[in-house]
file entry-v8.cif (mmCIF, C-alpha atoms)
data_my_file
#
loop_
_atom_site.group_PDB
_atom_site.id
_atom_site.type_symbol
_atom_site.label_atom_id
_atom_site.label_comp_id
_atom_site.auth_asym_id
_atom_site.auth_seq_id
_atom_site.Cartn_x
_atom_site.Cartn_y
_atom_site.Cartn_z
ATOM 1 C CA MET A 17 153.704 11.029 92.202
ATOM 2 C CA ILE A 18 153.475 14.507 93.721
ATOM 3 C CA ASP A 19 156.270 15.738 91.424
ATOM 4 C CA GLY A 20 154.277 14.550 88.434
ATOM 5 C CA LEU A 21 151.152 16.332 89.686
ATOM 6 C CA VAL A 22 153.112 19.573 90.229
ATOM 7 C CA LEU A 23 154.636 19.322 86.744
ATOM 8 C CA LEU A 24 151.215 18.694 85.202
ATOM 9 C CA THR A 25 149.774 21.695 87.068
ATOM 10 C CA GLU A 26 152.644 23.936 85.920
ATOM 11 C CA LEU A 27 152.189 22.852 82.306
ATOM 12 C CA SER A 28 148.431 23.461 82.539
ATOM 13 C CA LEU A 29 148.950 26.931 83.964
ATOM 14 C CA GLY A 30 151.512 27.709 81.264
ATOM 15 C CA ALA A 31 149.069 26.626 78.575
ATOM 16 C CA LEU A 32 146.339 28.792 80.112
ATOM 17 C CA VAL A 33 148.637 31.826 80.116
ATOM 18 C CA ILE A 34 149.417 31.257 76.435
ATOM 19 C CA VAL A 35 145.703 30.921 75.602
ATOM 20 C CA LEU A 36 144.974 34.088 77.577
ATOM 21 C CA ALA A 37 147.710 36.022 75.769
ATOM 22 C CA CYS A 38 146.385 34.878 72.380
ATOM 23 C CA ARG A 39 142.833 35.858 73.331
ATOM 24 C CA VAL A 40 143.919 39.322 74.524
ATOM 25 C CA ALA A 41 145.898 39.867 71.331
ATOM 26 C CA THR A 42 142.874 38.848 69.242
ATOM 27 C CA LEU A 43 140.554 41.172 71.148
ATOM 28 C CA VAL A 44 142.962 44.092 70.873
ATOM 29 C CA ARG A 45 143.066 43.677 67.093
ATOM 30 C CA ARG A 46 139.289 43.307 66.715
ATOM 31 C CA GLU A 47 137.865 45.844 69.204
ATOM 32 C CA PRO A 48 138.081 49.559 68.393
ATOM 33 C CA LEU A 49 139.644 51.868 70.909
ATOM 34 C CA LEU A 50 136.997 53.476 73.090
ATOM 35 C CA LEU A 51 139.090 56.426 74.162
ATOM 36 C CA SER A 52 140.338 59.053 71.794
ATOM 37 C CA PRO A 53 143.881 60.331 72.227
ATOM 38 C CA PRO A 54 144.593 63.654 73.927
ATOM 39 C CA CYS A 55 144.416 66.608 71.541
ATOM 40 C CA ASP A 56 148.094 67.409 71.737
ATOM 41 C CA VAL A 57 149.302 63.876 70.937
ATOM 42 C CA PRO A 58 149.863 63.342 67.227
ATOM 43 C CA THR A 59 148.771 59.966 65.959
ATOM 44 C CA THR A 60 148.634 58.087 62.717
ATOM 45 C CA MET A 61 146.277 55.402 64.024
ATOM 46 C CA PRO A 62 142.790 55.514 62.559
ATOM 47 C CA PHE A 63 140.095 55.943 65.168
ATOM 48 C CA PRO A 64 136.535 54.735 64.876
ATOM 49 C CA ALA A 65 133.719 57.072 64.033
ATOM 50 C CA PRO A 66 132.391 59.020 67.010
ATOM 51 C CA ARG A 67 129.755 57.316 69.113
ATOM 52 C CA PRO A 68 126.164 58.343 68.556
ATOM 53 C CA ALA A 69 125.137 61.386 70.613
ATOM 54 C CA ALA A 70 122.607 59.456 72.697
ATOM 55 C CA MET A 71 125.165 56.845 73.682
ATOM 56 C CA ARG A 72 127.753 59.515 74.491
ATOM 57 C CA ALA A 73 125.219 61.436 76.606
ATOM 58 C CA THR A 74 124.302 58.285 78.524
ATOM 59 C CA MET A 75 127.947 57.520 79.202
ATOM 60 C CA GLU A 76 128.594 61.085 80.352
ATOM 61 C CA ARG A 77 125.529 61.012 82.622
ATOM 62 C CA THR A 78 126.644 57.709 84.123
ATOM 63 C CA GLU A 79 130.155 59.018 84.674
ATOM 64 C CA LEU A 80 128.834 62.190 86.310
ATOM 65 C CA PHE A 81 126.462 60.157 88.480
ATOM 66 C CA THR A 82 129.350 57.951 89.611
ATOM 67 C CA GLN A 83 131.647 60.887 90.357
ATOM 68 C CA LEU A 84 128.974 62.679 92.354
ATOM 69 C CA HIS A 85 128.146 59.544 94.314
ATOM 70 C CA ILE A 86 131.794 59.076 95.236
ATOM 71 C CA LEU A 87 132.254 62.731 96.109
ATOM 72 C CA ILE A 88 129.142 63.049 98.282
ATOM 73 C CA GLY A 89 129.847 59.677 99.910
ATOM 74 C CA LEU A 90 133.283 60.900 100.966
ATOM 75 C CA GLN A 91 131.766 64.128 102.255
ATOM 76 C CA GLU A 92 129.066 62.268 104.173
ATOM 77 C CA ARG A 93 131.743 60.194 105.882
ATOM 78 C CA ASP A 94 133.765 63.322 106.653
ATOM 79 C CA CYS A 95 130.721 64.979 108.235
ATOM 80 C CA ARG A 96 129.942 61.863 110.272
ATOM 81 C CA GLU A 97 133.541 61.702 111.537
ATOM 82 C CA GLN A 98 133.220 65.313 112.687
ATOM 83 C CA GLY A 99 129.953 64.618 114.498
ATOM 84 C CA LEU A 100 127.409 65.745 111.899
ATOM 85 C CA ASP A 101 125.047 62.956 110.867
ATOM 86 C CA TRP A 102 122.797 63.983 107.973
ATOM 87 C CA GLN A 103 120.200 61.382 108.885
ATOM 88 C CA THR A 104 119.507 63.055 112.243
ATOM 89 C CA ALA A 105 120.271 66.636 111.217
ATOM 90 C CA PRO A 106 117.515 69.197 110.673
ATOM 91 C CA PRO A 107 116.195 69.422 107.092
ATOM 92 C CA GLU A 108 117.820 72.849 106.671
ATOM 93 C CA VAL A 109 121.261 71.289 107.138
ATOM 94 C CA CYS A 110 120.506 68.723 104.449
ATOM 95 C CA GLU A 111 119.398 71.539 102.135
ATOM 96 C CA PHE A 112 122.896 73.012 102.506
ATOM 97 C CA ALA A 113 124.313 69.634 101.455
ATOM 98 C CA VAL A 114 121.974 69.622 98.423
ATOM 99 C CA ALA A 115 123.187 73.095 97.411
ATOM 100 C CA TRP A 116 126.808 71.943 97.844
ATOM 101 C CA LEU A 117 126.162 68.843 95.728
ATOM 102 C CA ASN A 118 124.593 70.986 93.003
ATOM 103 C CA GLY A 119 127.705 73.157 92.927
ATOM 104 C CA ALA A 120 129.865 70.054 92.620
ATOM 105 C CA ALA A 121 127.656 68.749 89.816
ATOM 106 C CA CYS A 122 127.943 72.036 87.927
ATOM 107 C CA ALA A 123 131.726 71.913 88.202
ATOM 108 C CA LEU A 124 131.935 68.323 86.964
ATOM 109 C CA CYS A 125 129.444 68.462 84.091
ATOM 110 C CA GLU A 126 129.649 70.108 80.705
ATOM 111 C CA LYS A 127 128.847 73.812 80.732
ATOM 112 C CA SER A 128 125.804 73.238 78.531
ATOM 113 C CA LEU A 129 124.230 71.052 81.238
ATOM 114 C CA ARG A 130 124.700 73.463 84.133
ATOM 115 C CA HIS A 131 121.510 74.699 85.778
ATOM 116 C CA THR A 132 119.297 72.437 83.653
ATOM 117 C CA ASP A 133 116.368 70.369 84.853
ATOM 118 C CA THR A 134 118.284 67.243 83.855
ATOM 119 C CA LEU A 135 121.166 68.101 86.162
ATOM 120 C CA HIS A 136 118.800 69.140 88.949
ATOM 121 C CA GLY A 137 117.024 65.786 88.623
ATOM 122 C CA LEU A 138 120.324 63.929 88.887
ATOM 123 C CA VAL A 139 121.399 65.948 91.933
ATOM 124 C CA ALA A 140 117.998 65.468 93.583
ATOM 125 C CA GLN A 141 118.185 61.724 92.952
ATOM 126 C CA ILE A 142 121.585 61.450 94.633
ATOM 127 C CA ALA A 143 120.574 63.780 97.458
ATOM 128 C CA SER A 144 117.479 61.693 98.194
ATOM 129 C CA ARG A 145 119.703 58.632 98.570
ATOM 130 C CA LYS A 146 122.302 60.265 100.805
ATOM 131 C CA THR A 147 120.138 62.566 102.934
ATOM 132 C CA PRO A 148 116.668 62.292 104.467
ATOM 133 C CA ILE A 149 115.418 64.912 101.985
ATOM 134 C CA ARG A 150 113.030 63.484 99.406
ATOM 135 C CA GLN A 151 113.595 64.117 95.719
ATOM 136 C CA PRO A 152 110.791 66.729 95.290
ATOM 137 C CA GLU A 153 112.139 68.711 98.260
ATOM 138 C CA ALA A 154 115.640 68.614 96.786
ATOM 139 C CA VAL A 155 114.314 69.839 93.429
ATOM 140 C CA GLN A 156 112.516 72.682 95.231
ATOM 141 C CA THR A 157 115.750 73.635 97.007
ATOM 142 C CA LEU A 158 117.578 73.704 93.676
ATOM 143 C CA ALA A 159 114.831 75.721 92.010
ATOM 144 C CA THR A 160 115.021 78.397 94.710
ATOM 145 C CA LEU A 161 118.788 78.277 95.195
ATOM 146 C CA THR A 162 119.297 81.933 94.338
ATOM 147 C CA HIS A 163 116.806 83.079 97.004
ATOM 148 C CA ASN A 164 119.097 82.053 99.846
ATOM 149 C CA ASN A 165 122.591 83.493 100.278
ATOM 150 C CA ALA A 166 123.669 80.619 102.514
ATOM 151 C CA TRP A 167 122.673 78.102 99.830
ATOM 152 C CA LEU A 168 124.632 80.096 97.257
ATOM 153 C CA ALA A 169 127.688 80.010 99.521
ATOM 154 C CA CYS A 170 127.328 76.226 99.842
ATOM 155 C CA PHE A 171 126.921 75.998 96.063
ATOM 156 C CA ARG A 172 130.218 77.878 95.624
ATOM 157 C CA HIS A 173 131.935 75.576 98.141
ATOM 158 C CA GLY A 174 130.705 72.609 96.118
ATOM 159 C CA MET A 175 132.071 74.040 92.870
ATOM 160 C CA ASP A 176 135.467 74.708 94.459
ATOM 161 C CA ALA A 177 135.535 71.259 96.030
ATOM 162 C CA ALA A 178 134.712 69.430 92.797
ATOM 163 C CA GLU A 179 137.240 71.400 90.765
ATOM 164 C CA HIS A 180 139.942 70.507 93.293
ATOM 165 C CA TRP A 181 138.740 66.898 93.611
ATOM 166 C CA ARG A 182 138.804 66.378 89.853
ATOM 167 C CA ILE A 183 142.554 67.040 89.794
ATOM 168 C CA HIS A 184 143.770 65.894 93.219
ATOM 169 C CA ARG A 185 141.119 63.317 94.216
ATOM 170 C CA PHE A 186 140.535 64.895 97.621
ATOM 171 C CA VAL A 187 138.525 67.822 98.909
ATOM 172 C CA PRO A 188 140.391 70.453 100.942
ATOM 173 C CA PRO A 189 138.682 71.213 104.270
ATOM 174 C CA PRO A 190 137.767 74.830 103.397
ATOM 175 C CA SER A 191 135.670 73.506 100.488
ATOM 176 C CA SER A 192 134.098 70.542 102.265
ATOM 177 C CA VAL A 193 130.402 70.103 102.952
ATOM 178 C CA TYR A 194 131.111 70.216 106.668
ATOM 179 C CA ASP A 195 132.791 73.617 106.442
ATOM 180 C CA ALA A 196 130.097 74.923 104.118
ATOM 181 C CA ILE A 197 127.405 73.855 106.591
ATOM 182 C CA THR A 198 129.157 75.083 109.727
ATOM 183 C CA GLN A 199 129.975 78.442 108.174
ATOM 184 C CA ASN A 200 126.434 79.022 106.930
ATOM 185 C CA ALA A 201 124.162 77.308 109.451
ATOM 186 C CA PHE A 202 123.673 77.354 113.188
ATOM 187 C CA ILE A 203 124.347 73.773 114.253
#

call {"tool": "encode", "arguments": {"input": "entry-v8.cif", "output": "structure tokens"}}
result
Amino acid sequence: MIDGLVLLTELSLGALVIVLACRVATLVRREPLLLSPPCDVPTTMPFPAPRPAAMRATMERTELFTQLHILIGLQERDCREQGLDWQTAPPEVCEFAVAWLNGAACALCEKSLRHTDTLHGLVAQIASRKTPIRQPEAVQTLATLTHNNAWLACFRHGMDAAEHWRIHRFVPPPSSVYDAITQNAFI
């Protein structure tokens, strides 16, 4: 009896695998490829027409938002492990983190978006979630970034960190938020 049940289960699972394989094959034939090939790879496959600009911009914004969230989340954890908690830190320390995040955002976004109100809004939104700074305060910090040499240094650290993170998926300590803050603030 048990042998019959095991055999029936095996046959059912085999049939499900076959159905799954057929469904995947059907979807692959019907759905257009969403990613274009690298520029240096020759191809004879026809690719679909480019996505509309609005859809592409939304996807790029979402991707940037996700990358920045991951990056600042890792940096927040790193700071906490080294004894710096942004939630209890003075507002000036959080402003350094906002400047660092803006530098990272500039390194990860398209050059045409750098230093725009759109990017500043995105950075302020993330900063208000990760630090006790409210969004208007973060926007004010970004608007006056060039008036403070320490903020500019943190901005540069953020750019270096994001450029390294994009390739290696980790931030070297000299480019981290913690180092940027400790080198430019009295904490």

call {"tool": "resolve_selection", "arguments": {"input": "entry-v8.cif", "expression": "the PyMOL selection byres ((chain A and resi 177) around 12)", "output": "PDB file with C-alpha atoms, in the coordinates of the input"}}
result
ATOM      1  CA  LEU A  84     128.974  62.679  92.354  1.00  0.00           C
ATOM      2  CA  LEU A  87     132.254  62.731  96.109  1.00  0.00           C
ATOM      3  CA  ILE A  88     129.142  63.049  98.282  1.00  0.00           C
ATOM      4  CA  LEU A  90     133.283  60.900 100.966  1.00  0.00           C
ATOM      5  CA  GLN A  91     131.766  64.128 102.255  1.00  0.00           C
ATOM      6  CA  TRP A 116     126.808  71.943  97.844  1.00  0.00           C
ATOM      7  CA  LEU A 117     126.162  68.843  95.728  1.00  0.00           C
ATOM      8  CA  ASN A 118     124.593  70.986  93.003  1.00  0.00           C
ATOM      9  CA  GLY A 119     127.705  73.157  92.927  1.00  0.00           C
ATOM     10  CA  ALA A 120     129.865  70.054  92.620  1.00  0.00           C
ATOM     11  CA  ALA A 121     127.656  68.749  89.816  1.00  0.00           C
ATOM     12  CA  CYS A 122     127.943  72.036  87.927  1.00  0.00           C
ATOM     13  CA  ALA A 123     131.726  71.913  88.202  1.00  0.00           C
ATOM     14  CA  LEU A 124     131.935  68.323  86.964  1.00  0.00           C
ATOM     15  CA  CYS A 170     127.328  76.226  99.842  1.00  0.00           C
ATOM     16  CA  PHE A 171     126.921  75.998  96.063  1.00  0.00           C
ATOM     17  CA  ARG A 172     130.218  77.878  95.624  1.00  0.00           C
ATOM     18  CA  HIS A 173     131.935  75.576  98.141  1.00  0.00           C
ATOM     19  CA  GLY A 174     130.705  72.609  96.118  1.00  0.00           C
ATOM     20  CA  MET A 175     132.071  74.040  92.870  1.00  0.00           C
ATOM     21  CA  ASP A 176     135.467  74.708  94.459  1.00  0.00           C
ATOM     22  CA  ALA A 178     134.712  69.430  92.797  1.00  0.00           C
ATOM     23  CA  GLU A 179     137.240  71.400  90.765  1.00  0.00           C
ATOM     24  CA  HIS A 180     139.942  70.507  93.293  1.00  0.00           C
ATOM     25  CA  TRP A 181     138.740  66.898  93.611  1.00  0.00           C
ATOM     26  CA  ARG A 182     138.804  66.378  89.853  1.00  0.00           C
ATOM     27  CA  ILE A 183     142.554  67.040  89.794  1.00  0.00           C
ATOM     28  CA  HIS A 184     143.770  65.894  93.219  1.00  0.00           C
ATOM     29  CA  ARG A 185     141.119  63.317  94.216  1.00  0.00           C
ATOM     30  CA  PHE A 186     140.535  64.895  97.621  1.00  0.00           C
ATOM     31  CA  VAL A 187     138.525  67.822  98.909  1.00  0.00           C
ATOM     32  CA  PRO A 188     140.391  70.453 100.942  1.00  0.00           C
ATOM     33  CA  PRO A 189     138.682  71.213 104.270  1.00  0.00           C
ATOM     34  CA  PRO A 190     137.767  74.830 103.397  1.00  0.00           C
ATOM     35  CA  SER A 191     135.670  73.506 100.488  1.00  0.00           C
ATOM     36  CA  SER A 192     134.098  70.542 102.265  1.00  0.00           C
ATOM     37  CA  VAL A 193     130.402  70.103 102.952  1.00  0.00           C
ATOM     38  CA  TYR A 194     131.111  70.216 106.668  1.00  0.00           C
ATOM     39  CA  ASP A 195     132.791  73.617 106.442  1.00  0.00           C
ATOM     40  CA  ALA A 196     130.097  74.923 104.118  1.00  0.00           C
TER      41      ALA A 196
END

call {"tool": "atom_distance", "arguments": {"input": "entry-v8.cif", "atom1": "atom CA of Gly137 of chain A", "atom2": "atom CA of Gly89 of chain A"}}
result
18.1 Å

call {"tool": "closest_residue", "arguments": {"input": "entry-v8.cif", "among": "A:Phe81, A:Ala37, A:Gly99, A:Ala166", "to": "His136 of chain A", "atoms": "all atoms listed in the file"}}
result
A:Phe81

call {"tool": "atom_distance", "arguments": {"input": "entry-v8.cif", "atom1": "atom CA of Ala105 of chain A", "atom2": "atom CA of Gln151 of chain A"}}
result
17.1 Å

call {"tool": "closest_residue", "arguments": {"input": "entry-v8.cif", "among": "A:Ile142, A:Leu23, A:Cys125, A:Ala115", "to": "Asn200 of chain A", "atoms": "all atoms listed in the file"}}
result
A:Ala115

call {"tool": "residues_around", "arguments": {"input": "entry-v8.cif", "residues": "Glu92 of chain A", "least_positions_apart": "5", "cutoff": "8 Å", "atoms": "only C-alpha atoms", "output": "PyMOL selection string"}}
result
chain A and resi 101-102+146

call {"tool": "axis_aligned_box", "arguments": {"input": "entry-v8.cif", "around": "segment 36-46 of chain A", "padding_each_side": "4 Å", "output": "AutoDock Vina command-line options"}}
result
--center_x 143.5 --center_y 39.1 --center_z 72.1 --size_x 16.4 --size_y 18.0 --size_z 18.9

call {"tool": "closest_residue", "arguments": {"input": "entry-v8.cif", "among": "A:Thr132, A:Gln199, A:Gln103, A:Gln83", "to": "Pro148 of chain A", "atoms": "only C-alpha atoms"}}
result
A:Gln103

call {"tool": "closest_residue", "arguments": {"input": "entry-v8.cif", "among": "A:Glu153, A:Glu76, A:Asp133, A:Glu111", "to": "Leu168 of chain A", "atoms": "only C-alpha atoms"}}
result
A:Glu111

call {"tool": "atom_distance", "arguments": {"input": "entry-v8.cif", "atom1": "atom CA of Val114 of chain A", "atom2": "atom CA of Ala159 of chain A"}}
result
11.4 Å

call {"tool": "residues_near_point", "arguments": {"input": "entry-v8.cif", "point": "(115.6, 68.6, 103.9)", "cutoff": "8 Å", "atoms": "only C-alpha atoms", "output": "list in words"}}
result
Pro106, Pro107, Glu108, Val109, Cys110, Glu111, Thr147, Pro148, Ile149, Arg150, Glu153 and Ala154 of chain A

call {"tool": "closest_residue", "arguments": {"input": "entry-v8.cif", "among": "A:Thr134, A:Thr160, A:Thr198, A:Ser128", "to": "Ala113 of chain A", "atoms": "only C-alpha atoms"}}
result
A:Thr198

call {"tool": "closest_residue", "arguments": {"input": "entry-v8.cif", "among": "A:Val44, A:Val139, A:Gln98, A:Arg39", "to": "Arg77 of chain A", "atoms": "only C-alpha atoms"}}
result
A:Val139
